[in-house]
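K.L.:
My structure is in upload05.csv, and what it holds is CSV, C-alpha atoms:
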```csv
chain,number,residue,atom,x,y,z
H,888,MET,CA,-127.0,-2.4,-64.4
H,889,SER,CA,-127.1,1.3,-65.0
H,890,PHE,CA,-124.8,3.2,-67.3
H,891,LEU,CA,-123.1,6.6,-66.8
H,892,PRO,CA,-125.0,9.4,-68.5
H,893,LEU,CA,-123.4,10.9,-71.6
H,894,ASP,CA,-122.4,14.5,-71.6
H,895,ILE,CA,-121.7,15.3,-75.3
H,896,ASP,CA,-119.8,18.5,-76.2
H,897,PRO,CA,-122.1,20.6,-78.4
H,898,GLN,CA,-119.6,20.7,-81.3
H,899,ALA,CA,-119.1,16.9,-81.1
H,900,LEU,CA,-122.9,16.5,-81.2
H,901,LYS,CA,-123.3,18.9,-84.1
H,902,GLY,CA,-120.6,17.0,-86.0
H,903,MET,CA,-122.8,13.9,-85.7
H,904,THR,CA,-126.1,15.5,-86.6
H,905,ASP,CA,-124.6,17.5,-89.5
H,906,HIS,CA,-123.0,14.3,-90.8
H,907,ALA,CA,-126.4,12.5,-90.6
H,908,GLU,CA,-128.1,15.3,-92.5
H,909,ALA,CA,-125.4,15.5,-95.1
H,910,ALA,CA,-125.4,11.8,-95.8
H,911,PHE,CA,-129.2,11.5,-96.0
H,912,PRO,CA,-130.8,9.4,-97.4
H,913,ASN,CA,-127.8,7.2,-96.7
H,914,GLU,CA,-126.6,6.1,-93.3
H,915,CYS,CA,-123.5,7.8,-91.9
H,916,CYS,CA,-121.2,6.6,-89.3
H,917,GLY,CA,-118.3,7.7,-87.1
H,918,PHE,CA,-116.5,7.5,-83.8
H,919,PHE,CA,-116.4,9.6,-80.7
H,920,TYR,CA,-113.8,10.0,-78.0
H,921,GLY,CA,-113.6,11.4,-74.5
H,922,SER,CA,-113.2,10.3,-70.9
H,923,GLU,CA,-115.0,8.9,-67.9
H,924,ASP,CA,-114.7,9.9,-64.3
H,925,GLY,CA,-117.1,7.5,-62.6
H,926,GLN,CA,-120.0,10.0,-62.7
H,927,ILE,CA,-120.2,10.9,-66.3
H,928,ARG,CA,-119.1,9.7,-69.7
H,929,ALA,CA,-117.8,12.9,-71.4
H,930,VAL,CA,-117.8,12.9,-75.2
H,931,THR,CA,-115.4,15.6,-76.3
H,932,VAL,CA,-114.7,14.8,-80.0
H,933,SER,CA,-116.5,13.1,-82.8
H,934,THR,CA,-115.0,12.1,-86.1
H,935,GLU,CA,-116.6,11.2,-89.4
H,936,VAL,CA,-115.8,7.8,-91.0
H,937,THR,CA,-116.6,6.7,-94.5
H,938,ASN,CA,-119.6,4.3,-94.7
H,939,SER,CA,-117.7,1.4,-96.3
H,940,LYS,CA,-120.8,-0.8,-96.7
H,941,GLU,CA,-121.1,-2.2,-100.2
H,942,GLY,CA,-124.7,-2.2,-101.4
H,943,ASP,CA,-127.6,-0.2,-100.0
H,944,GLN,CA,-126.2,2.4,-97.7
H,945,ARG,CA,-129.7,3.7,-97.1
H,946,ARG,CA,-130.2,0.7,-94.8
H,947,ARG,CA,-126.7,-0.4,-93.7
H,948,PHE,CA,-123.3,0.9,-92.6
H,949,ALA,CA,-119.9,-0.6,-92.0
H,950,ILE,CA,-116.6,0.8,-90.8
H,951,SER,CA,-113.5,-0.6,-92.4
H,952,HIS,CA,-110.9,-2.4,-90.3
H,953,LYS,CA,-108.3,0.2,-91.3
H,954,ASP,CA,-110.6,3.0,-90.0
H,955,TYR,CA,-111.1,1.1,-86.7
H,956,LEU,CA,-107.3,0.7,-86.4
H,957,ASN,CA,-106.8,4.4,-87.0
H,958,ALA,CA,-109.4,5.3,-84.4
H,959,GLU,CA,-107.7,3.2,-81.7
H,960,ARG,CA,-104.3,4.8,-82.7
H,961,HIS,CA,-105.9,8.3,-82.6
H,962,ALA,CA,-107.2,7.7,-79.1
H,963,ALA,CA,-103.9,6.4,-77.9
H,964,ARG,CA,-102.0,9.3,-79.4
H,965,GLU,CA,-104.4,12.0,-78.0
H,966,GLY,CA,-104.7,10.4,-74.6
H,967,LEU,CA,-108.5,10.0,-75.2
H,968,THR,CA,-110.8,7.0,-74.8
H,969,LEU,CA,-112.6,5.6,-77.8
H,970,LEU,CA,-116.1,5.6,-76.3
H,971,GLY,CA,-118.3,4.4,-79.1
H,972,VAL,CA,-119.8,4.6,-82.5
H,973,TYR,CA,-122.5,6.8,-84.0
H,974,HIS,CA,-124.6,6.2,-87.0
H,975,SER,CA,-127.8,7.4,-88.5
H,976,HIS,CA,-131.2,5.9,-89.2
H,977,PRO,CA,-132.7,7.7,-92.2
H,978,LEU,CA,-136.5,7.9,-92.0
H,979,HIS,CA,-136.5,5.5,-89.0
H,980,PRO,CA,-136.5,5.9,-85.2
H,981,ALA,CA,-133.2,6.1,-83.2
H,982,ILE,CA,-133.7,2.6,-81.9
H,983,PRO,CA,-131.1,-0.2,-82.5
H,984,SER,CA,-132.0,-2.8,-85.0
H,985,GLU,CA,-131.2,-6.5,-85.2
H,986,HIS,CA,-128.3,-5.7,-87.4
H,987,ASP,CA,-127.0,-3.2,-84.8
H,988,LEU,CA,-127.3,-5.9,-82.1
H,989,ALA,CA,-125.6,-8.7,-84.1
H,990,VAL,CA,-122.1,-7.2,-83.9
H,991,ALA,CA,-122.5,-4.8,-81.0
H,992,LEU,CA,-119.7,-4.8,-78.5
H,993,PRO,CA,-119.7,-4.3,-74.7
H,994,TYR,CA,-118.7,-1.0,-73.2
H,995,PHE,CA,-119.2,1.1,-76.3
H,996,SER,CA,-122.0,3.7,-76.5
H,997,TYR,CA,-124.0,3.5,-79.7
H,998,ILE,CA,-125.4,6.9,-80.6
H,999,ILE,CA,-128.1,6.8,-83.2
H,1000,VAL,CA,-129.3,9.9,-85.0
H,1001,SER,CA,-132.8,9.6,-86.5
H,1002,VAL,CA,-132.9,11.8,-89.6
H,1003,GLN,CA,-135.8,13.0,-91.8
H,1004,PRO,CA,-135.7,15.1,-95.0
H,1005,LYS,CA,-136.1,18.2,-92.9
H,1006,GLY,CA,-133.3,17.4,-90.6
H,1007,THR,CA,-132.4,15.6,-87.4
H,1008,ALA,CA,-135.4,14.2,-85.5
H,1009,HIS,CA,-134.0,12.5,-82.5
H,1010,VAL,CA,-130.7,11.5,-80.9
H,1011,ARG,CA,-130.5,8.5,-78.5
H,1012,SER,CA,-127.7,6.5,-77.1
H,1013,TRP,CA,-127.6,2.8,-76.2
H,1014,GLN,CA,-125.2,0.3,-74.6
H,1015,LEU,CA,-125.2,-3.5,-74.4
H,1016,ASN,CA,-126.1,-4.8,-71.0
H,1017,GLU,CA,-125.0,-8.1,-69.4
H,1018,GLN,CA,-127.8,-9.9,-71.1
H,1019,ARG,CA,-126.6,-8.7,-74.5
H,1020,HIS,CA,-129.7,-6.4,-74.9
H,1021,PHE,CA,-129.4,-2.7,-75.7
H,1022,ALA,CA,-130.3,-0.4,-72.8
H,1023,GLU,CA,-130.7,3.3,-73.3
H,1024,GLU,CA,-128.2,5.7,-71.8
H,1025,ALA,CA,-129.2,9.2,-70.7
H,1026,ILE,CA,-127.8,12.1,-72.6
H,1027,VAL,CA,-127.5,15.2,-70.4
H,1028,ALA,CA,-128.2,18.7,-71.9
H,1029,LEU,CA,-129.5,17.2,-75.2
H,1030,PRO,CA,-131.4,19.9,-77.1
H,1031,GLU,CA,-135.1,19.6,-76.3
H,1032,ALA,CA,-136.1,19.2,-80.0
H,1033,TRP,CA,-134.0,16.0,-80.3
H,1034,ARG,CA,-135.4,14.3,-77.2
H,1035,VAL,CA,-138.0,11.6,-77.5
H,1036,SER,CA,-141.0,12.8,-75.4
X,7,MET,CA,-91.3,-8.4,-77.7
X,8,ALA,CA,-94.4,-8.0,-79.7
X,9,GLN,CA,-97.1,-5.6,-78.6
X,10,LEU,CA,-100.7,-6.5,-78.8
X,11,ILE,CA,-103.2,-3.7,-78.8
X,12,ILE,CA,-106.5,-4.7,-77.1
X,13,PRO,CA,-109.5,-2.9,-78.6
X,14,THR,CA,-111.1,-0.5,-76.1
X,15,PRO,CA,-114.5,-2.4,-75.7
X,16,LEU,CA,-112.6,-5.6,-74.7
X,17,ARG,CA,-110.4,-3.9,-72.1
X,18,LYS,CA,-113.0,-4.6,-69.4
X,19,PHE,CA,-111.7,-8.2,-69.7
X,20,THR,CA,-108.1,-7.2,-69.3
X,21,ASP,CA,-108.5,-5.0,-66.1
X,22,GLY,CA,-108.3,-1.9,-68.3
X,23,GLN,CA,-105.0,-2.9,-69.8
X,24,GLY,CA,-104.7,-1.7,-73.4
X,25,ILE,CA,-101.4,-3.2,-74.4
X,26,PHE,CA,-100.3,-6.8,-73.9
X,27,THR,CA,-96.6,-7.4,-74.3
X,28,GLN,CA,-95.2,-10.9,-74.8
X,29,GLU,CA,-92.4,-12.8,-76.4
X,30,ALA,CA,-94.2,-14.9,-79.1
X,31,ALA,CA,-93.0,-16.5,-82.4
X,32,THR,CA,-96.4,-16.3,-84.2
X,33,VAL,CA,-99.7,-14.4,-84.0
X,34,LYS,CA,-101.3,-17.6,-82.8
X,35,ASP,CA,-98.9,-17.9,-79.9
X,36,LEU,CA,-99.4,-14.3,-78.9
X,37,LEU,CA,-103.2,-14.6,-78.9
X,38,ALA,CA,-103.0,-17.9,-76.9
X,39,ALA,CA,-100.8,-16.2,-74.3
X,40,LEU,CA,-103.3,-13.3,-74.1
X,41,ALA,CA,-106.3,-15.6,-73.7
X,42,ALA,CA,-104.4,-17.7,-71.0
X,43,GLN,CA,-103.7,-14.5,-69.0
X,44,HIS,CA,-107.2,-13.1,-69.5
X,45,PRO,CA,-109.7,-16.0,-69.8
X,46,GLY,CA,-112.7,-13.6,-69.9
X,47,LEU,CA,-111.6,-12.6,-73.4
X,48,LYS,CA,-111.8,-16.1,-74.9
X,49,PRO,CA,-115.5,-16.1,-75.9
X,50,HIS,CA,-115.0,-12.7,-77.5
X,51,LEU,CA,-112.1,-13.8,-79.6
X,52,PHE,CA,-112.5,-17.5,-80.3
X,53,GLU,CA,-115.2,-19.9,-81.4
X,54,ASP,CA,-115.7,-23.1,-79.4
X,55,SER,CA,-113.6,-24.8,-82.0
X,56,GLY,CA,-110.6,-22.5,-81.2
X,57,SER,CA,-110.6,-20.6,-84.4
X,58,LEU,CA,-110.8,-16.8,-84.4
X,59,ARG,CA,-114.4,-15.5,-84.5
X,60,SER,CA,-115.5,-14.2,-87.9
X,61,PHE,CA,-116.2,-10.8,-86.4
X,62,ILE,CA,-112.6,-10.4,-85.3
X,63,ARG,CA,-109.7,-9.4,-87.5
X,64,VAL,CA,-106.0,-9.3,-86.5
X,65,TYR,CA,-103.5,-6.9,-88.1
X,66,VAL,CA,-99.7,-6.9,-87.8
X,67,GLY,CA,-98.8,-3.3,-88.3
X,68,ASP,CA,-101.0,-2.2,-91.2
X,69,GLU,CA,-101.5,-5.7,-92.7
X,70,ASP,CA,-104.4,-8.0,-92.2
X,71,ILE,CA,-103.0,-11.4,-91.2
X,72,HIS,CA,-105.3,-12.9,-93.9
X,73,ALA,CA,-103.0,-11.3,-96.4
X,74,LEU,CA,-100.0,-12.7,-94.6
X,75,GLU,CA,-99.7,-16.2,-93.2
X,76,GLY,CA,-102.9,-16.1,-91.1
X,77,GLU,CA,-102.4,-17.0,-87.4
X,78,ASP,CA,-99.1,-18.6,-88.4
X,79,THR,CA,-97.7,-15.2,-89.3
X,80,ALA,CA,-94.2,-14.9,-87.7
X,81,LEU,CA,-93.6,-12.0,-85.4
X,82,GLN,CA,-90.6,-9.8,-85.1
X,83,ALA,CA,-89.5,-8.3,-81.9
X,84,ASN,CA,-91.1,-4.9,-82.3
X,85,ASP,CA,-94.2,-5.8,-84.2
X,86,GLU,CA,-97.5,-4.1,-83.2
X,87,VAL,CA,-100.4,-6.5,-83.4
X,88,SER,CA,-104.0,-5.2,-83.3
X,89,ILE,CA,-107.2,-7.0,-82.6
X,90,ILE,CA,-110.0,-5.3,-84.6
X,91,PRO,CA,-113.7,-6.0,-84.1
X,92,ALA,CA,-116.2,-5.7,-86.9
X,93,ILE,CA,-118.3,-2.4,-86.7
X,94,ALA,CA,-121.5,-2.5,-88.7
X,95,GLY,CA,-125.2,-2.2,-88.4
X,96,GLY,CA,-128.2,-0.6,-90.0
X,97,LEU,CA,-132.0,-0.4,-90.1
```
Could you write out this file's structure as structure tokens?
P.N.:
Amino acid sequence: MSFLPLDIDPQALKGMTDHAEAAFPNECCGFFYGSEDGQIRAVTVSTEVTNSKEGDQRRRFAISHKDYLNAERHAAREGLTLLGVYHSHPLHPAIPSEHDLAVALPYFSYIIVSVQPKGTAHVRSWQLNEQRHFAEEAIVALPEAWRVS
Amino acid sequence: MAQLIIPTPLRKFTDGQGIFTQEAATVKDLLAALAAQHPGLKPHLFEDSGSLRSFIRVYVGDEDIHALEGEDTALQANDEVSIIPAIAGGL
């Protein structure tokens, strides 16, 4: 199974990487919205959400039920599709962990920002396949510096 | 009739339908009607025992049913019920 490539609006992408850098050394998280046309999954807006994880936020994140409820309501109100969740991996690669997999949902894109003290290192996106494994999604027009070579 | 909001990632199991509307006396009845109409949703909502999965929360309006009467929470005609999946992760 192959997934639609992600086309992320530059401002939406900047919102995610700025958030990841501001939250460092903690993990940040948020939602993103947009639309699909059968050829591309277009991310037009990203919104920050409070990391509600109690305990070590350098290694974990959680989004409250209320924030999820508000995200679905926001999408319905704006005529957008809730396309997925982003979060950061401080000092670690932008590869999903066991904890990411444990509660991952179908359909959503999971964008991970790998962030170092000097700033964003890489941005990658993943989606669950039919076997409940993460498969990477292509991101078109991602700045070269944030690609994994 | 009560309106049930299907979370976006589970709409692939409801033919893209985001809202399920049904006459139901309780949350439990509403969820059972949803699962009967869209059986593909069942493993995502319920354990084999029939109880709601721990990763899933249900809200009536802005209230978690855990703070109400659980799945026995009575529904009024215009209640909005939301299924909320857990969102979490980390390193």
K.L.:
Output as a Markdown table one row per residue of chain H within 6 Å of chain X: the closest atom pair and its distance in Å to one decimal place, counting only C-alpha atoms, sorted by chain and residue number ascending.
P.N.:
```
| residue | atom | partner | partner_atom | distance |
| --- | --- | --- | --- | --- |
| H:Arg946 | CA | X:Leu97 | CA | 5.2 |
| H:Arg947 | CA | X:Gly96 | CA | 4.0 |
| H:Phe948 | CA | X:Ala94 | CA | 5.5 |
| H:Ala949 | CA | X:Ala94 | CA | 4.1 |
| H:Ile950 | CA | X:Ile93 | CA | 5.5 |
| H:Ser984 | CA | X:Leu97 | CA | 5.6 |
| H:His986 | CA | X:Gly95 | CA | 4.8 |
| H:Asp987 | CA | X:Gly95 | CA | 4.1 |
| H:Pro993 | CA | X:Pro15 | CA | 5.6 |
| H:Tyr994 | CA | X:Pro15 | CA | 5.1 |
| H:Phe995 | CA | X:Pro15 | CA | 5.9 |
```
K.L.:
In Å, rounded to a single decimal, give me how far atom CA of H:Lys940 is from atom CA of H:Asp954.
P.N.:
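Computing the Euclidean distance for atom CA of H:Asp954 and atom CA of H:Lys940 yields 12.8 Å.
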K.L.:
May I ask which of the residues X:Glu75, X:Asp21, X:Gln82, X:Leu47 is the closest one to X:Arg59, counting all atoms listed in the file?
P.N.:
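Residue with the minimum atom-to-atom distance to X:Arg59: X:Leu47.
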K.L.:
Which residue is closest to H:Val1010? Choose from H:Tyr955, H:Trp1033, H:Tyr997, H:Phe919 and count all atoms listed in the file.
P.N.:
H:Trp1033
K.L.:
Please check which residues have atoms at most 12 Å from (-106.8, 8.9, -83.8) in the file's coordinates, counting all atoms listed in the file, and write them as JSON, numbers by chain.
P.N.:
{"H": [918, 919, 920, 921, 932, 933, 934, 935, 936, 953, 954, 955, 956, 957, 958, 959, 960, 961, 962, 963, 964, 965, 966, 967, 968, 969]}
K.L.:
Report the distance between atom CA of H:Ile895 and atom CA of H:Cys915 in Å, rounded to one decimal place.
P.N.:
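Spanning atom CA of H:Ile895 to atom CA of H:Cys915 is a straight-line distance of 18.3 Å.
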K.L.:
Pick the closest to H:Ala909 from H:Glu1023, H:Glu1017, H:Val1002, H:Leu1029: which is it, counting all atoms listed in the file?
P.N.:
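Smallest distance to H:Ala909 is found for H:Val1002.
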K.L.:
Determine, counting all atoms listed in the file, which protein, DNA and RNA residues have an atom within 12 Å of an atom of H:Leu893; residues of the same chain fewer than 2 positions away are not included. Present the result as an NGL selection string.
P.N.:
:H and (890-891 or 895-897 or 900 or 919-931 or 970-971 or 995-998 or 1010-1014 or 1023-1029)
K.L.:
In Å to one decimal, how far is atom CA of H:Val972 from atom CA of H:Gln898?
P.N.:
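So the answer is 16.1 Å.
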K.L.:
X:Ile25, X:Val66, X:His44, X:Met7: which is nearest X:Asp78, counting all atoms listed in the file?
P.N.:
X:Val66
K.L.:
Neighbouring residues of H:His906 were defined as those with any atom within 12 Å, considering only C-alpha atoms; residues of the same chain fewer than 4 positions away were excluded. Please report them as a ChimeraX atom specification.
P.N.:
/H:898-902,910-918,933-938,973-977,999-1002,1006-1007
K.L.:
Hey, could you pull the box centre and edge lengths for stretch 901-920 of chain H, axis-aligned, 3 Å padding per side, all listed atoms, to one decimal in Å, as lines of an AutoDock Vina configuration file?
P.N.:
```
center_x = -122.3
center_y = 12.5
center_z = -87.7
size_x = 23.0
size_y = 18.8
size_z = 25.4
```
K.L.:
Considering all atoms listed in the file, state which residue in the set H:Leu978, H:Asp943, H:His1009, H:Asp894 is at the smallest distance from H:Ala1032.
P.N.:
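Between H:Leu978, H:Asp943, H:His1009, H:Asp894, the residue approaching H:Ala1032 most closely is H:His1009.
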